[in-house]
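File shown: structure26.tsv. Contents: TSV, C-alpha atoms.
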chain	number	residue	atom	x	y	z
A	11	MET	CA	-42.48	33.70	21.69
A	12	ALA	CA	-40.27	36.41	20.24
A	13	GLY	CA	-37.20	34.56	21.53
A	14	ILE	CA	-38.33	31.33	19.85
A	15	ASN	CA	-38.91	33.09	16.53
A	16	ARG	CA	-35.51	34.72	16.83
A	17	ASN	CA	-33.85	31.34	17.40
A	18	ILE	CA	-35.69	29.89	14.41
A	19	ALA	CA	-34.51	32.79	12.25
A	20	ILE	CA	-30.92	32.38	13.43
A	21	GLY	CA	-31.14	28.65	12.72
A	22	ALA	CA	-32.43	29.30	9.21
A	23	ILE	CA	-29.62	31.78	8.53
A	24	LEU	CA	-27.01	29.29	9.76
A	25	ALA	CA	-28.50	26.59	7.55
A	26	LEU	CA	-28.29	28.90	4.54
A	27	LEU	CA	-24.69	29.76	5.34
A	28	ILE	CA	-23.75	26.09	5.62
A	29	ALA	CA	-25.50	25.36	2.33
A	30	ALA	CA	-23.65	28.24	0.71
A	31	VAL	CA	-20.31	26.91	1.94
A	32	VAL	CA	-21.13	23.46	0.59
A	33	VAL	CA	-22.11	24.91	-2.80
A	34	TRP	CA	-18.95	27.00	-2.86
A	35	ASN	CA	-16.76	23.98	-2.11
A	36	VAL	CA	-18.47	21.85	-4.73
A	37	PHE	CA	-18.59	24.34	-7.56
A	38	PHE	CA	-15.82	26.84	-6.96
A	39	THR	CA	-12.94	24.88	-5.43
A	40	ARG	CA	-13.16	22.06	-7.96
A	41	GLU	CA	-10.85	22.39	-10.94
A	42	ALA	CA	-12.70	21.97	-14.21
A	43	PRO	CA	-11.11	19.45	-16.59
A	44	PRO	CA	-10.30	20.39	-20.18
A	45	ASP	CA	-13.18	20.05	-22.61
A	46	PHE	CA	-11.67	17.38	-24.82
A	47	SER	CA	-14.81	17.28	-26.97
A	48	GLN	CA	-13.70	20.58	-28.53
A	49	TYR	CA	-11.05	18.60	-30.42
A	50	PRO	CA	-12.11	16.46	-33.38
A	51	ALA	CA	-12.17	12.76	-32.49
A	52	GLY	CA	-8.97	11.10	-33.60
A	53	ILE	CA	-5.43	12.39	-33.70
A	54	GLU	CA	-6.17	15.91	-32.41
A	55	ARG	CA	-8.15	14.73	-29.39
A	56	LYS	CA	-5.58	12.05	-28.58
A	57	GLU	CA	-2.71	14.52	-28.74
A	58	ALA	CA	-4.56	16.95	-26.47
A	59	PHE	CA	-5.38	14.14	-24.05
A	60	PHE	CA	-1.84	12.76	-23.88
A	61	SER	CA	-0.25	16.22	-23.69
A	62	TYR	CA	-2.46	17.15	-20.75
A	63	PHE	CA	-2.21	13.95	-18.72
A	64	ALA	CA	1.35	12.72	-19.32
A	65	PRO	CA	3.01	15.50	-17.25
A	66	ILE	CA	0.52	14.97	-14.40
A	67	MET	CA	1.19	11.23	-14.36
A	68	GLN	CA	4.94	11.78	-14.50
A	69	GLU	CA	4.74	14.14	-11.53
A	70	VAL	CA	2.68	11.71	-9.44
A	71	ASN	CA	5.14	8.94	-10.27
A	72	SER	CA	8.04	11.20	-9.30
A	73	ASP	CA	6.40	11.73	-5.89
A	74	ILE	CA	5.97	7.96	-5.50
A	75	LEU	CA	9.62	7.36	-6.40
A	76	ALA	CA	10.74	9.96	-3.85
A	77	GLN	CA	8.68	8.18	-1.20
A	78	ARG	CA	10.14	4.83	-2.31
A	79	LYS	CA	13.70	6.20	-2.07
A	80	ALA	CA	13.03	7.45	1.47
A	81	ILE	CA	11.83	3.96	2.43
A	82	GLU	CA	14.91	2.36	0.89
A	83	GLN	CA	17.19	4.74	2.81
A	84	LYS	CA	15.51	3.95	6.12
A	85	CYS	CA	15.62	0.23	5.44
A	86	SER	CA	19.31	0.40	4.53
A	87	LYS	CA	19.97	1.86	7.98
A	88	GLY	CA	18.23	-1.07	9.63
A	89	GLU	CA	15.01	0.77	10.41
A	90	ASN	CA	12.70	-2.10	9.53
A	91	SER	CA	10.07	-2.05	12.27
A	92	TYR	CA	6.42	-1.32	11.65
A	93	SER	CA	6.56	1.73	13.93
A	94	ALA	CA	9.21	3.32	11.70
A	95	PHE	CA	6.76	3.33	8.79
A	96	SER	CA	3.36	3.51	10.50
A	97	ASP	CA	2.12	6.53	8.50
A	98	VAL	CA	2.99	5.21	5.05
A	99	ALA	CA	1.88	1.70	6.07
A	100	GLU	CA	-1.52	3.08	7.01
A	101	THR	CA	-1.80	4.91	3.68
A	102	TYR	CA	-1.07	1.68	1.82
A	103	ARG	CA	-3.38	-0.37	4.07
A	104	ILE	CA	-0.72	-2.53	5.65
A	105	GLY	CA	-1.83	-3.57	9.13
A	106	GLU	CA	0.68	-4.23	11.88
A	107	SER	CA	-0.91	-7.62	12.53
A	108	GLU	CA	-0.03	-8.66	8.96
A	109	LEU	CA	3.70	-8.23	9.50
A	110	THR	CA	6.60	-9.17	11.70
A	111	ASP	CA	9.53	-6.82	12.16
A	112	GLY	CA	11.81	-7.10	9.15
A	113	ASP	CA	9.01	-7.78	6.66
A	114	VAL	CA	7.72	-4.23	6.45
A	115	CYS	CA	10.44	-3.06	4.04
A	116	ASP	CA	9.71	-5.80	1.51
A	117	VAL	CA	5.95	-5.24	1.67
A	118	LEU	CA	6.22	-1.46	1.39
A	119	LEU	CA	8.62	-1.59	-1.55
A	120	GLU	CA	6.20	-3.93	-3.31
A	121	ARG	CA	3.43	-1.37	-2.98
A	122	VAL	CA	5.19	2.00	-3.16
A	123	ASP	CA	6.20	1.97	-6.80
A	124	ILE	CA	5.33	3.61	-10.10
A	125	VAL	CA	2.45	2.95	-12.45
A	126	PRO	CA	3.90	3.29	-15.97
A	127	VAL	CA	2.61	6.37	-17.77
A	128	SER	CA	1.78	4.26	-20.82
A	129	LEU	CA	-0.59	2.15	-18.75
A	130	ALA	CA	-2.14	5.12	-16.95
A	131	LEU	CA	-2.77	6.92	-20.25
A	132	ALA	CA	-4.36	3.86	-21.81
A	133	GLN	CA	-6.65	3.28	-18.84
A	134	ALA	CA	-7.63	6.93	-18.57
A	135	ALA	CA	-8.51	7.04	-22.26
A	136	ASN	CA	-10.39	3.75	-22.05
A	137	GLU	CA	-12.36	4.52	-18.89
A	138	SER	CA	-13.24	8.15	-19.76
A	139	ALA	CA	-13.89	7.91	-23.52
A	140	TRP	CA	-10.85	10.10	-24.11
A	141	GLY	CA	-11.90	12.53	-21.41
A	142	THR	CA	-15.41	13.16	-22.76
A	143	SER	CA	-17.51	10.97	-20.43
A	144	ARG	CA	-20.04	12.50	-18.04
A	145	PHE	CA	-18.08	11.26	-15.03
A	146	ALA	CA	-14.84	12.79	-16.34
A	147	GLN	CA	-16.38	16.16	-17.17
A	148	GLN	CA	-18.65	16.47	-14.13
A	149	GLY	CA	-16.55	14.67	-11.52
A	150	ASN	CA	-12.93	14.67	-12.71
A	151	ASN	CA	-13.10	10.87	-12.66
A	152	PHE	CA	-10.97	9.54	-15.52
A	153	PHE	CA	-10.51	5.97	-14.28
A	154	GLY	CA	-14.03	4.75	-13.48
A	155	GLN	CA	-13.36	4.60	-9.75
A	156	TRP	CA	-16.30	3.82	-7.47
A	157	CYS	CA	-17.20	4.91	-3.94
A	158	PHE	CA	-19.78	3.37	-1.63
A	159	GLU	CA	-21.21	6.04	0.66
A	160	LYS	CA	-24.40	7.84	-0.30
A	161	GLY	CA	-23.56	11.22	-1.80
A	162	CYS	CA	-19.88	10.43	-2.29
A	163	GLY	CA	-20.07	10.81	-6.06
A	164	ILE	CA	-22.32	10.62	-9.12
A	165	VAL	CA	-25.03	7.98	-9.33
A	166	PRO	CA	-24.62	6.06	-12.60
A	167	GLY	CA	-27.76	5.95	-14.70
A	168	SER	CA	-27.27	2.27	-15.50
A	169	ARG	CA	-26.78	1.14	-11.88
A	170	ASP	CA	-28.47	-2.20	-11.23
A	171	THR	CA	-31.30	-2.42	-8.71
A	172	GLY	CA	-29.96	-3.17	-5.26
A	173	LYS	CA	-26.55	-1.70	-5.97
A	174	ASN	CA	-25.36	1.27	-3.91
A	175	HIS	CA	-22.12	2.32	-5.55
A	176	GLU	CA	-21.54	5.78	-7.01
A	177	VAL	CA	-18.83	7.02	-9.36
A	178	ALA	CA	-16.36	8.97	-7.23
A	179	THR	CA	-15.78	12.68	-7.79
A	180	PHE	CA	-12.45	14.49	-7.43
A	181	ASP	CA	-11.44	18.11	-7.02
A	182	SER	CA	-9.09	17.95	-10.00
A	183	PRO	CA	-7.89	15.59	-12.73
A	184	ALA	CA	-4.58	15.31	-10.86
A	185	GLU	CA	-6.41	14.07	-7.77
A	186	SER	CA	-8.06	11.42	-9.93
A	187	VAL	CA	-4.62	10.26	-11.12
A	188	GLU	CA	-3.29	10.15	-7.54
A	189	SER	CA	-6.27	8.10	-6.35
A	190	TYR	CA	-5.99	5.69	-9.29
A	191	MET	CA	-2.29	5.00	-8.69
A	192	LEU	CA	-2.85	4.56	-4.96
A	193	ASN	CA	-5.71	2.19	-5.73
A	194	LEU	CA	-3.48	-0.01	-7.92
A	195	ASN	CA	-0.78	0.07	-5.27
A	196	ARG	CA	-2.86	-1.02	-2.30
A	197	HIS	CA	-6.11	-2.77	-3.29
A	198	THR	CA	-6.09	-6.55	-2.93
A	199	ALA	CA	-7.60	-6.93	-6.41
A	200	TYR	CA	-4.35	-5.72	-7.97
A	201	GLU	CA	-1.91	-7.97	-6.16
A	202	PRO	CA	-1.16	-9.71	-9.51
A	203	LEU	CA	-0.02	-6.38	-10.98
A	204	ARG	CA	2.21	-5.70	-7.97
A	205	ASP	CA	3.64	-9.23	-8.15
A	206	ILE	CA	4.59	-8.73	-11.81
A	207	ARG	CA	6.18	-5.38	-11.00
A	208	SER	CA	8.15	-6.83	-8.08
A	209	ARG	CA	9.50	-9.67	-10.22
A	210	LEU	CA	10.60	-7.14	-12.84
A	211	ARG	CA	12.40	-5.14	-10.13
A	212	LEU	CA	14.14	-8.26	-8.81
A	213	ARG	CA	15.39	-9.10	-12.31
A	214	ASP	CA	16.39	-5.46	-12.86
A	215	GLU	CA	14.06	-5.28	-15.89
A	216	PRO	CA	12.06	-2.24	-17.01
A	217	VAL	CA	8.61	-1.82	-15.47
A	218	THR	CA	6.43	-1.35	-18.55
A	219	GLY	CA	2.75	-0.76	-19.08
A	220	ILE	CA	2.46	-3.70	-21.47
A	221	LYS	CA	3.73	-6.13	-18.85
A	222	LEU	CA	1.55	-4.77	-16.05
A	223	THR	CA	-1.65	-5.07	-18.11
A	224	HIS	CA	-1.51	-8.80	-17.36
A	225	GLY	CA	-2.24	-8.00	-13.71
A	226	LEU	CA	-5.43	-6.03	-14.32
A	227	ASN	CA	-7.98	-8.74	-15.02
A	228	ARG	CA	-10.06	-7.65	-12.02
A	229	TYR	CA	-10.20	-3.97	-13.00
A	230	SER	CA	-13.02	-4.72	-15.42
A	231	GLU	CA	-15.75	-7.30	-15.81
A	232	ARG	CA	-14.16	-8.05	-19.18
A	233	GLY	CA	-11.28	-9.76	-17.43
A	234	GLU	CA	-8.49	-10.86	-19.76
A	235	GLU	CA	-10.11	-9.06	-22.68
A	236	TYR	CA	-9.67	-5.79	-20.81
A	237	GLY	CA	-5.92	-6.29	-20.52
A	238	LYS	CA	-5.77	-7.29	-24.17
A	239	GLU	CA	-7.59	-4.09	-25.14
A	240	LEU	CA	-5.17	-1.97	-23.08
A	241	ARG	CA	-2.18	-3.63	-24.74
A	242	GLY	CA	-3.69	-2.82	-28.11
A	243	MET	CA	-4.16	0.82	-27.13
A	244	ILE	CA	-0.59	1.11	-25.85
A	245	LEU	CA	0.86	-0.38	-29.00
A	246	TYR	CA	-1.40	1.41	-31.50
A	247	ASN	CA	-0.84	4.82	-29.89
A	248	LYS	CA	2.88	4.18	-29.28
A	249	LEU	CA	2.48	4.96	-25.60
A	250	ASN	CA	5.65	3.03	-24.80
A	251	GLU	CA	7.42	6.27	-25.79
A	252	TYR	CA	6.40	7.63	-22.38
A	253	GLU	CA	8.13	4.85	-20.44
A	254	ASN	CA	11.51	6.60	-20.19
A	255	THR	CA	10.28	10.10	-19.36
A	256	LEU	CA	10.65	9.72	-15.57

As structure tokens, what does this structure read like?
Amino acid sequence: MAGINRNIAIGAILALLIAAVVVWNVFFTREAPPDFSQYPAGIERKEAFFSYFAPIMQEVNSDILAQRKAIEQKCSKGENSYSAFSDVAETYRIGESELTDGDVCDVLLERVDIVPVSLALAQAANESAWGTSRFAQQGNNFFGQWCFEKGCGIVPGSRDTGKNHEVATFDSPAESVESYMLNLNRHTAYEPLRDIRSRLRLRDEPVTGIKLTHGLNRYSERGEEYGKELRGMILYNKLNEYENTL
């Protein structure tokens, strides 16, 4: 009997330790976002928001461009088999069965490309109420991204009956930006955006946020009105000034 009680006690201690580790990871390794509500709504809050996020978005885009350049260099040397790019292809959800040798370079270069800072800023502001939403402040989610496993994020209070999605949580605002850009670059819903971007590249034209908004009709239930709203935000806030900062 004493041995059983001892095992129960050890089990309880282990359970407490595991719970403590989980709590530590959730509350102490997560980077708290800035409290944008401390700035008066309007010019001050916008300036704080743009000043904080623009450098993060530029850095993520720089990493994407470096990855794109590495792909271009491999392709220029004739390395155009799926096996040569299996890791990056997996990241961007390109299955080997979808391609024949020689196609992988074209498909990868269509997906591994920048998301203009002007567009990213407009969407972050739109989706997070300028960084003040509950999901932004509690979960570092500035782009309204969903997840679909129980406990993967924050349950929205207005979730319809029968729905099982949650609003994803991230360890930092930067991680939210990385996930958002990867989402635009690989999800089937945003093929129109990638098509527009590829055509701009082929014509050697600038890849701008205004132009890419026309490929985001499926990002929101508002469809075309959503893209129209983003274009208005970009123009009104002169976010095109961020286009040439890379």

(request) May I have the residues within 12 Å of Arg211 in chain A as a VMD selection string, using all atoms listed in the file and disregarding those fewer than 6 positions away in the same chain? (result) chain A and resid 116 119 to 120 123 to 124 204 to 205 217 to 218

Put a box with edges along x, y and z around all the listed atoms of range 205-212 of chain A, pad it by 5 Å on each side, then give me its centre and sizes in Å, one decimal, as lines of an AutoDock Vina configuration file.
center_x = 8.9
center_y = -7.4
center_z = -10.5
size_x = 20.5
size_y = 14.5
size_z = 14.8

(request) One decimal, Å: what's the distance from CA of His224 in chain A over to CA of Ser186 in chain A, could you say? (result) 22.5 Å

(message) List as a PyMOL selection string the protein and nucleic acid residues near range 130-143 of chain A, meaning an atom at most 7 Å away when only C-alpha atoms are counted, but skip any in the same chain fewer than 6 places from it.
(response) chain A and resi 46-47+59-60+152-154+240+243-244

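You can rank A:Ala58, A:Gly163, A:Leu118, A:Leu109 by their closest distance to Lys84 in chain A using all atoms listed in the file, and at the top of that list sits A:Leu118.
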
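As for CA of Glu41 in chain A and CA of Ala184 in chain A, they are spaced 9.5 Å apart.
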
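Take the candidates A:Ala99, A:Val187, A:Cys157, A:Leu203 and check each one against Pro65 in chain A using only C-alpha atoms; the shortest distance goes to A:Val187.
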
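Restricting the calculation to all atoms listed in the file, the smallest distance between Asp113 in chain A and any of A:Leu194, A:Ala178, A:Ile66, A:Cys85 is found for A:Cys85.
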
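Considering the residues A:Asp45, A:Arg209, A:Gln77, A:Asn193 and counting all atoms listed in the file, Tyr62 in chain A has its shortest atom-to-atom contact with A:Asp45.
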
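The smallest atom-to-atom distance between Ala199 in chain A and any of A:Val127, A:Leu226, A:Ile220, A:Ile74, using only C-alpha atoms, is found for A:Leu226.
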
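Nearest to Gln155 in chain A of all the residues A:Glu57, A:Thr223, A:Pro126, A:Ser230 is A:Ser230, counting only C-alpha atoms.
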
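Coordinates place CA of Arg40 in chain A at a distance of 20.2 Å from CA of Pro166 in chain A.
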
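Selecting by distance to (4.4, 7.4, -12.7) with a limit of 7 Å and using all atoms listed in the file, one obtains Met67, Gln68, Glu69, Val70, Asn71, Ser72, Ile124, Val125, Pro126 and Val127 of chain A.
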
Would you pick out the contacts of Glu159 in chain A at 12 Å or less, using all atoms listed in the file, so that residues sharing its chain but fewer than 2 positions from it are not included, and give the list as an mmCIF file with C-alpha atoms, keeping the file's coordinate frame?
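Ended up saving to result-v3.cif:
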data_model
loop_
_atom_site.group_PDB
_atom_site.id
_atom_site.type_symbol
_atom_site.label_atom_id
_atom_site.label_comp_id
_atom_site.auth_asym_id
_atom_site.auth_seq_id
_atom_site.Cartn_x
_atom_site.Cartn_y
_atom_site.Cartn_z
ATOM 1 C CA TRP A 156 -16.300 3.820 -7.470
ATOM 2 C CA CYS A 157 -17.200 4.910 -3.940
ATOM 3 C CA GLY A 161 -23.560 11.220 -1.800
ATOM 4 C CA CYS A 162 -19.880 10.430 -2.290
ATOM 5 C CA GLY A 163 -20.070 10.810 -6.060
ATOM 6 C CA ILE A 164 -22.320 10.620 -9.120
ATOM 7 C CA VAL A 165 -25.030 7.980 -9.330
ATOM 8 C CA LYS A 173 -26.550 -1.700 -5.970
ATOM 9 C CA ASN A 174 -25.360 1.270 -3.910
ATOM 10 C CA HIS A 175 -22.120 2.320 -5.550
ATOM 11 C CA GLU A 176 -21.540 5.780 -7.010
ATOM 12 C CA VAL A 177 -18.830 7.020 -9.360
ATOM 13 C CA ALA A 178 -16.360 8.970 -7.230
#

(request) With a distance cut-off of 12 Å and all atoms listed in the file, select the neighbouring residues of Cys115 in chain A, excluding the residue or stretch itself and same-chain residues fewer than 3 positions from it, and output the selection as an MDAnalysis selection string. (result) chainID A and resid 78:96 98:99 104 109:112 118:122
